[in-house]
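*Asks:* What follows is the file start.txt, containing compact mmCIF, C-alpha atoms:
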```txt
# COMPACT_ATOMS: atom_id res chain seq x y z
CA MET I 1 120.57 103.11 64.40
CA PRO I 2 118.09 102.33 61.61
CA SER I 3 114.65 103.91 61.79
CA LYS I 4 111.68 101.80 62.73
CA PRO I 5 109.51 100.51 59.91
CA GLY I 6 106.28 102.46 59.64
CA GLY I 7 107.79 105.48 61.42
CA LYS I 8 107.11 108.99 60.23
CA PRO I 9 109.93 110.36 58.09
CA GLY I 10 111.35 113.75 58.91
CA GLY I 11 110.23 113.89 62.55
CA GLY I 12 106.75 115.35 61.84
CA GLY I 13 105.38 118.46 63.51
CA GLY I 14 105.37 120.85 60.52
CA GLY I 15 103.56 124.16 60.61
CA GLY I 16 105.97 125.97 62.94
CA GLU I 17 104.51 124.51 66.19
CA PRO I 18 106.97 123.05 68.66
CA LYS I 19 106.96 119.27 68.66
CA ARG I 20 105.26 117.75 71.68
CA GLY I 21 104.70 114.11 72.49
CA ARG I 22 101.25 112.66 72.91
CA LEU I 23 101.74 112.08 76.63
CA GLU I 24 102.87 115.65 77.18
CA GLN I 25 99.86 116.98 75.26
CA LYS I 26 97.44 114.82 77.27
CA ASP I 27 99.10 115.91 80.50
CA GLU I 28 98.57 119.56 79.57
CA ASP I 29 94.95 118.86 78.63
CA GLY I 30 94.36 117.17 82.00
CA GLU I 31 93.53 113.81 80.44
CA PHE I 32 96.66 111.89 81.37
CA LEU I 33 96.01 108.53 83.02
CA ASN I 34 98.68 105.91 83.53
CA ILE I 35 96.95 102.62 82.75
CA MET I 36 99.48 100.49 84.65
CA ALA I 37 99.04 102.62 87.78
CA LEU I 38 95.25 102.43 87.49
CA GLN I 39 95.40 98.64 87.19
CA HIS I 40 97.70 98.47 90.19
CA ASN I 41 95.32 100.66 92.20
CA ALA I 42 92.35 98.48 91.21
CA ARG I 43 94.23 95.34 92.32
CA ALA I 44 95.24 96.98 95.59
CA LEU I 45 91.62 98.00 96.20
CA ALA I 46 90.47 94.43 95.48
CA HIS I 47 93.00 93.12 98.03
CA ALA I 48 91.75 95.68 100.53
CA ARG I 49 88.18 94.51 99.92
CA VAL I 50 89.19 90.92 100.68
CA PHE I 51 90.93 92.05 103.84
CA SER I 52 87.90 94.06 104.98
CA GLY I 53 85.71 91.05 104.20
CA VAL I 54 87.87 88.85 106.43
CA MET I 55 87.79 91.40 109.24
CA ALA I 56 84.02 91.91 108.89
CA GLY I 57 83.49 88.15 108.92
CA CYS I 58 85.49 87.74 112.12
CA VAL I 59 83.64 90.63 113.78
CA ALA I 60 80.21 89.35 112.70
CA GLY I 61 81.02 85.83 113.87
CA LEU I 62 82.44 86.90 117.23
CA LEU I 63 79.42 89.14 117.84
CA ARG I 64 77.21 86.17 116.86
CA CYS I 65 75.36 88.17 114.22
CA GLU I 66 72.85 86.17 112.21
CA GLY I 67 71.08 86.90 108.95
CA LEU I 68 70.95 90.46 107.70
CA ALA I 69 72.75 91.76 110.79
CA GLY I 70 75.91 90.03 109.57
CA LEU I 71 75.55 91.55 106.11
CA PHE I 72 75.12 94.98 107.69
CA VAL I 73 78.41 94.40 109.51
CA PHE I 74 80.05 93.63 106.15
CA VAL I 75 78.62 96.78 104.53
CA PHE I 76 79.59 98.94 107.51
CA VAL I 77 83.16 97.62 107.72
CA THR I 78 83.68 97.86 103.96
CA LEU I 79 82.37 101.43 103.80
CA ALA I 80 84.44 102.42 106.84
CA HIS I 81 87.52 100.90 105.21
CA SER I 82 86.76 102.80 101.99
CA ALA I 83 86.43 106.02 103.97
CA MET I 84 89.82 105.39 105.58
CA ILE I 85 91.38 104.84 102.15
CA PHE I 86 89.66 108.01 100.93
CA VAL I 87 91.19 110.00 103.80
CA LYS I 88 94.60 108.38 103.23
CA MET I 89 94.50 109.60 99.61
CA SER I 90 93.98 113.17 100.90
CA PHE I 91 90.50 113.26 99.31
CA GLN I 92 92.05 113.20 95.81
CA VAL I 93 90.44 110.09 94.36
CA GLN I 94 90.70 111.38 90.79
CA ARG I 95 94.49 111.00 90.93
CA HIS I 96 94.22 107.28 91.67
CA PHE I 97 90.97 106.07 90.06
CA PRO I 98 89.13 107.01 86.85
CA LYS I 99 85.90 107.92 88.68
CA PRO I 100 85.56 109.44 92.16
CA HIS I 101 82.98 106.90 93.34
CA ASP I 102 85.18 103.91 92.43
CA ILE I 103 86.75 103.96 95.87
CA PHE I 104 83.38 103.09 97.42
CA VAL I 105 81.62 100.90 94.85
CA SER I 106 84.36 99.21 92.81
CA SER I 107 85.00 95.61 93.88
CA PHE I 108 82.45 96.00 96.68
CA ALA I 109 81.40 92.38 96.32
CA GLY I 110 85.02 91.23 96.00
CA GLY I 111 85.33 90.36 99.67
CA ILE I 112 81.93 88.73 100.11
CA MET I 113 83.24 85.17 99.74
CA SER I 114 85.97 85.77 102.31
CA PHE I 115 83.39 87.43 104.54
CA ILE I 116 81.08 84.41 104.42
CA LEU I 117 83.95 82.00 105.05
CA PHE I 118 85.28 83.84 108.10
CA TRP I 119 81.80 84.70 109.36
CA THR I 120 80.76 81.04 109.48
CA LEU I 121 84.13 79.94 110.82
CA SER I 122 84.25 82.40 113.70
CA PHE I 123 80.53 81.96 114.44
CA ASP I 124 80.97 78.18 114.67
CA VAL I 125 84.06 78.51 116.87
CA VAL I 126 82.19 80.76 119.30
CA GLN I 127 79.11 78.52 119.23
CA SER I 128 81.06 75.29 119.75
CA SER I 129 83.13 76.79 122.58
CA GLU I 130 79.90 77.83 124.34
CA ASP I 131 78.46 74.36 123.79
CA LEU I 132 81.60 72.82 125.31
CA GLU I 133 81.34 75.12 128.34
CA LEU I 134 77.69 74.18 128.84
CA ALA I 135 78.50 70.47 128.51
CA ALA I 136 81.35 70.79 131.03
CA ALA I 137 79.11 72.69 133.44
CA GLY I 138 76.38 70.03 133.07
CA ALA I 139 78.83 67.19 133.68
CA ALA I 140 80.18 68.89 136.80
CA ARG I 141 76.73 68.83 138.46
```
Represent the structure of the file as structure tokens.
*Replies:*
Amino acid sequence: MPSKPGGKPGGGGGGGEPKRGRLEQKDEDGEFLNIMALQHNARALAHARVFSGVMAGCVAGLLRCEGLAGLFVFVFVTLAHSAMIFVKMSFQVQRHFPKPHDIFVSSFAGGIMSFILFWTLSFDVVQSSEDLELAAAGAAR
């Protein structure tokens, strides 16, 4: 098989040292990060944020939280979900994310739009069902 253009002739690594690849050297130095795995983990965390936003929105709407109380529900559910992910990773965040705090702060606002959508939807469903019950009770008198 012909050699690649621009390749190093002779296999490199002179000076009597054993030849090691760049990935092997970085792994020994403790700097090895698989970029594809990190991107996958970031996407999975973003999906988890959307899911926690949907759940927080449903909870806030069903509890009829208004104003800042609903946002506190979102923050609480998102942080609780992050803590569960942290425990699931056996407290070894550095293996899955570049920085340890990424599990809690990265993509934190990613689920806010889903939260608002499901918060208003579930709040309106609860409110309209109560209005229908009151109207039915008033018509029965």
*Asks:* Counting all atoms listed in the file, figure out which residue out of I:Ala44, I:Val87, I:Leu38, I:Ile116 gets nearest to Ala56 (chain I).
*Replies:* I:Ile116
*Asks:* Figure out the distance between CA of Ala42 (chain I) and CA of Val93 (chain I), please, to one decimal in Å.
*Replies:*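 Computing the Euclidean distance for CA of Val93 (chain I) and CA of Ala42 (chain I) yields 12.2 Å.
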*Asks:* Of the residues I:Ala48, I:Ala139, I:Leu132, I:Val73, which is the one nearest to Phe104 (chain I), using all atoms listed in the file?
*Replies:* I:Ala48
*Asks:* Record the distance separating CA of Phe51 (chain I) and CA of Gln94 (chain I), expressed in Å with one decimal.
*Replies:* 23.3 Å
*Asks:* Out of I:Gly57, I:Gly138, I:Pro98, I:Gly110, which residue has the shortest atom-to-atom distance to Phe72 (chain I) when counting all atoms listed in the file?
*Replies:*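 Nearest to Phe72 (chain I): I:Gly57.
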*Asks:* Would you compute the distance between CA of Arg95 (chain I) and CA of Ala83 (chain I)? Give it in Å to one decimal.
*Replies:*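 So the two atoms, CA of Arg95 (chain I) and CA of Ala83 (chain I), lie 16.1 Å apart.
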*Asks:* Counting all atoms listed in the file, which of I:Val50, I:Ala60, I:Ala135, I:Met89 gets nearest to Met113 (chain I)?
*Replies:* I:Val50
*Asks:* For a quick check of understanding, using all atoms listed in the file, which of I:Phe123, I:Phe118, I:Phe97, I:Phe108 has the smallest distance to Thr78 (chain I)?
*Replies:* I:Phe108
*Asks:* Name the closest residue to Gly70 (chain I) among the candidates I:Leu134, I:Val125, I:Ile35, I:Ile112; distances are taken between atoms, counting all atoms listed in the file.
*Replies:*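 Among I:Leu134, I:Val125, I:Ile35, I:Ile112, it is I:Ile112 that comes nearest to Gly70 (chain I).
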*Asks:* Determine, counting only C-alpha atoms, which protein, DNA and RNA residues have an atom within 10 Å of an atom of Leu121 (chain I); residues of the same chain fewer than 5 positions away are not included. Present the result as a PyMOL selection string.
*Replies:* chain I and resi 57-58+61-62+115-116+126-127
